[in-house]
Amino acid sequence: AAESGASSRPIRSSPVALFRREHAPAWFRLTETEPGRLSSYGAAVEEVLTRRGASFLPELVSASGLLATQVEQALGELAAAGRVTSDSFAGLRALLTPASRRPPIFSTRRRRRGPQAGLEQAGRWSLLRQQAAGNRQQAETASSLELHARTLLKRYGVVFHRLLARESIRAPWRDLLMIYRRLEARGEIRGGRFLAGVTGEQFALPEAVARLRAIRRRDDKPGHLVTISAADPLNLIGIVTPGERIASIRSSRIVFEDGVPLAVLEAGSIRPLADYPVDREAEIAARLSRIGSRVTARDHRSESLRGIADPEAISPR
């Protein structure tokens, strides 16, 4: 099995992280894991990348002494383990596409761009964590934690301990709490009670507090239907709102009305999350199946918070 490269490969549900290149070392320090065991193909390609640095596919083939298909298997294994990256998304797309649906490696046919492009269009391959090597001083770790804390604030507007269940980076809340208290003391963020039914300390961006106050002043319920993917960070069902958690799958969709989750589309079936009139079933089904519906992230956050904001609890310190 080791010689055939029968190891894990990227799949369509594999997590993907997007971040600025200059922030990479900080994120790597928060996500370091023990290296897993590689197949002989994966180990050979990783050794080449360690020795030569970023390399194109033909260079990997010649330097490793492996066949092109074996290098492909090795890259799939290394990518699934989060150990290599390429210059473009074409490499990941090629690894996700079955071999029968893309041109053979080093094909003499005219190279294609798009979903059916081959590994040749990926550019160079390089080890993902080489740039994070070196001393991990305490100051660097503190800087990484502050970057994570600020990112959570930008993502949710309001943060508290329970939100960490939604995150793949499990930074200790006690460490984030010290950062939030320091930012509050500087006047950069607000601390207080912003959401009902949430225990523990809460912190919010000033603009988030302003939007919550605007929602509190609204007596009307416009009845806006907002549809999001279940992979959206705003899928906080079972974390902030009652009910079971909904898996973060891109194809699943959730429809809200004034921040209240009404139904979810899972595996082609609609599951109600709240009671609503029978005559609204067609409208809700249409919103769940409509691919072209678009609303801004700000509208998402505003309408989602409407259902969980406590009118009597928006009291910053």
# chains A, B, ... in the order shown; residues from 1 in each chain; ligands from 1
>>> residues_around(residues="region 43-46 of chain A", least_positions_apart="4", cutoff="7 Å", atoms="only C-alpha atoms", output="PDB file with N, CA, C and O atoms, in the first residue's frame")
ATOM      1  N   LEU A  38       4.185   9.206   6.061  1.00  0.00           N
ATOM      2  CA  LEU A  38       3.926   9.299   4.636  1.00  0.00           C
ATOM      3  C   LEU A  38       4.265   7.988   3.952  1.00  0.00           C
ATOM      4  O   LEU A  38       5.075   7.188   4.433  1.00  0.00           O
ATOM      5  N   SER A  39       3.642   7.783   2.784  1.00  0.00           N
ATOM      6  CA  SER A  39       4.027   6.667   1.937  1.00  0.00           C
ATOM      7  C   SER A  39       5.413   6.930   1.357  1.00  0.00           C
ATOM      8  O   SER A  39       5.957   8.035   1.470  1.00  0.00           O
ATOM      9  N   THR A  50      12.119  19.662   0.087  1.00  0.00           N
ATOM     10  CA  THR A  50      12.969  20.157   1.173  1.00  0.00           C
ATOM     11  C   THR A  50      14.348  20.527   0.657  1.00  0.00           C
ATOM     12  O   THR A  50      14.932  21.539   1.049  1.00  0.00           O
ATOM     13  N   LEU A  60       9.970  17.752 -10.237  1.00  0.00           N
ATOM     14  CA  LEU A  60       9.693  16.753  -9.196  1.00  0.00           C
ATOM     15  C   LEU A  60       9.829  15.338  -9.751  1.00  0.00           C
ATOM     16  O   LEU A  60      10.319  14.437  -9.066  1.00  0.00           O
ATOM     17  N   SER A  64      12.897  13.105  -8.235  1.00  0.00           N
ATOM     18  CA  SER A  64      12.476  12.012  -7.344  1.00  0.00           C
ATOM     19  C   SER A  64      12.703  10.632  -7.943  1.00  0.00           C
ATOM     20  O   SER A  64      12.744   9.638  -7.212  1.00  0.00           O
ATOM     21  N   VAL A  71       4.158  10.728  -8.788  1.00  0.00           N
ATOM     22  CA  VAL A  71       4.304  12.072  -8.227  1.00  0.00           C
ATOM     23  C   VAL A  71       2.933  12.690  -7.983  1.00  0.00           C
ATOM     24  O   VAL A  71       2.700  13.361  -6.972  1.00  0.00           O
ATOM     25  N   ALA A  74       1.646  11.304  -4.850  1.00  0.00           N
ATOM     26  CA  ALA A  74       2.350  11.881  -3.712  1.00  0.00           C
ATOM     27  C   ALA A  74       1.858  13.293  -3.414  1.00  0.00           C
ATOM     28  O   ALA A  74       1.664  13.665  -2.246  1.00  0.00           O
TER      29      ALA A  74
END
>>> select_by_dssp(residues="region 139-259 of chain A", states="helix (DSSP H, G or I)", output="PyMOL selection string")
chain A and resi 139-156+161-166+173-186+206-217
>>> write_last_selection(atoms="C-alpha atoms", output="short mmCIF file (atom, residue, chain, number, x, y, z; two decimals), in the first residue's frame")
data_model
loop_
_atom_site.label_atom_id
_atom_site.label_comp_id
_atom_site.auth_asym_id
_atom_site.auth_seq_id
_atom_site.Cartn_x
_atom_site.Cartn_y
_atom_site.Cartn_z
CA ALA A 139 6.30 37.19 21.54
CA GLU A 140 5.58 35.49 18.20
CA THR A 141 2.94 33.26 19.79
CA ALA A 142 1.29 36.27 21.43
CA SER A 143 1.25 38.06 18.07
CA SER A 144 -0.40 35.03 16.44
CA LEU A 145 -3.07 34.88 19.14
CA GLU A 146 -3.84 38.59 18.73
CA LEU A 147 -4.21 38.13 14.96
CA HIS A 148 -6.64 35.27 15.63
CA ALA A 149 -8.57 37.33 18.19
CA ARG A 150 -8.94 40.28 15.80
CA THR A 151 -9.98 37.97 12.96
CA LEU A 152 -12.78 36.53 15.09
CA LEU A 153 -14.00 40.04 15.84
CA LYS A 154 -14.03 40.97 12.15
CA ARG A 155 -15.79 37.72 11.26
CA TYR A 156 -18.59 37.77 13.83
CA HIS A 161 -16.52 31.52 24.41
CA ARG A 162 -19.23 29.45 22.71
CA LEU A 163 -18.24 30.70 19.26
CA LEU A 164 -14.98 28.76 19.40
CA ALA A 165 -16.95 25.57 18.76
CA ARG A 166 -17.42 26.84 15.19
CA TRP A 173 -10.38 31.02 25.36
CA ARG A 174 -8.40 32.10 28.43
CA ASP A 175 -5.64 33.40 26.13
CA LEU A 176 -8.09 35.18 23.84
CA LEU A 177 -9.88 36.61 26.87
CA MET A 178 -6.73 38.37 28.04
CA ILE A 179 -6.31 39.92 24.58
CA TYR A 180 -9.93 41.10 24.45
CA ARG A 181 -9.68 42.62 27.91
CA ARG A 182 -6.55 44.49 26.83
CA LEU A 183 -8.23 45.75 23.64
CA GLU A 184 -11.23 46.88 25.69
CA ALA A 185 -8.96 48.76 28.08
CA ARG A 186 -7.44 50.54 25.08
CA PRO A 206 -18.04 49.42 18.11
CA GLU A 207 -19.77 49.23 14.72
CA ALA A 208 -21.41 45.94 15.73
CA VAL A 209 -22.80 47.58 18.88
CA ALA A 210 -24.23 50.39 16.75
CA ARG A 211 -25.96 47.92 14.44
CA LEU A 212 -27.40 45.97 17.38
CA ARG A 213 -28.78 49.16 18.84
CA ALA A 214 -30.36 50.03 15.48
CA ILE A 215 -32.00 46.59 15.40
CA ARG A 216 -33.30 47.07 18.94
CA ARG A 217 -34.98 50.33 17.95
#
>>> residues_around(residues="Arg271 (chain A)", least_positions_apart="5", cutoff="10 Å", atoms="only C-alpha atoms", output="ChimeraX atom specification")
/A:254,262-266
>>> atom_distance(atom1="CA of Thr227 (chain A)", atom2="CA of Arg253 (chain A)")
6.7 Å
>>> residues_around(residues="region 233-235 of chain A", least_positions_apart="2", cutoff="12 Å", atoms="only C-alpha atoms", output="ChimeraX atom specification")
/A:152,154-158,163-168,226-231,237-241,243-250,252-256,259-261,264,297-305,308
>>> closest_residue(among="A:Leu49, A:Leu225, A:Leu67, A:Ile284", to="Arg83 (chain A)", atoms="only C-alpha atoms")
A:Leu49
>>> select_by_dssp(residues="region 253-286 of chain A", states="strand (DSSP E)", output="list of chain:residue names")
A:Arg253, A:Ile254, A:Val255, A:Phe256, A:Glu257, A:Val260, A:Pro261, A:Leu262, A:Ala263, A:Val264, A:Leu265, A:Glu266, A:Ser269, A:Ile270, A:Arg271, A:Pro272
>>> write_last_selection(atoms="N, CA and C atoms", output="compact mmCIF listing (two decimals), in the first residue's frame")
# COMPACT_ATOMS: atom_id res chain seq x y z
N ARG A 253 -28.09 24.51 2.46
CA ARG A 253 -28.48 25.91 2.54
C ARG A 253 -29.50 26.11 3.65
N ILE A 254 -29.43 27.28 4.29
CA ILE A 254 -30.31 27.61 5.40
C ILE A 254 -31.01 28.92 5.06
N VAL A 255 -32.31 28.98 5.32
CA VAL A 255 -33.06 30.21 5.08
C VAL A 255 -33.50 30.78 6.42
N PHE A 256 -33.30 32.10 6.59
CA PHE A 256 -33.67 32.83 7.80
C PHE A 256 -34.74 33.85 7.46
N GLU A 257 -35.58 34.13 8.45
CA GLU A 257 -36.51 35.26 8.36
C GLU A 257 -36.32 36.12 9.60
N VAL A 260 -34.36 34.44 12.27
CA VAL A 260 -34.85 33.16 12.81
C VAL A 260 -34.71 32.08 11.73
N PRO A 261 -33.99 30.99 12.00
CA PRO A 261 -33.85 29.93 10.99
C PRO A 261 -35.18 29.22 10.75
N LEU A 262 -35.60 29.16 9.48
CA LEU A 262 -36.87 28.53 9.15
C LEU A 262 -36.72 27.11 8.64
N ALA A 263 -35.72 26.88 7.76
CA ALA A 263 -35.58 25.55 7.16
C ALA A 263 -34.17 25.40 6.63
N VAL A 264 -33.79 24.14 6.41
CA VAL A 264 -32.47 23.84 5.86
C VAL A 264 -32.62 22.85 4.73
N LEU A 265 -31.84 23.04 3.68
CA LEU A 265 -31.80 22.11 2.56
C LEU A 265 -30.58 21.22 2.72
N GLU A 266 -30.80 19.93 2.96
CA GLU A 266 -29.72 18.97 3.18
C GLU A 266 -29.91 17.78 2.26
N SER A 269 -33.10 17.48 0.39
CA SER A 269 -34.36 17.44 1.14
C SER A 269 -34.45 18.66 2.05
N ILE A 270 -35.66 19.21 2.19
CA ILE A 270 -35.89 20.37 3.04
C ILE A 270 -36.36 19.91 4.41
N ARG A 271 -35.67 20.39 5.44
CA ARG A 271 -36.05 20.05 6.82
C ARG A 271 -36.45 21.33 7.54
N PRO A 272 -37.70 21.42 8.02
CA PRO A 272 -38.12 22.63 8.74
C PRO A 272 -37.36 22.77 10.06
>>> atom_distance(atom1="CA of Glu59 (chain A)", atom2="CA of Tyr41 (chain A)")
14.9 Å
>>> atom_distance(atom1="CA of Phe56 (chain A)", atom2="CA of Trp27 (chain A)")
25.7 Å
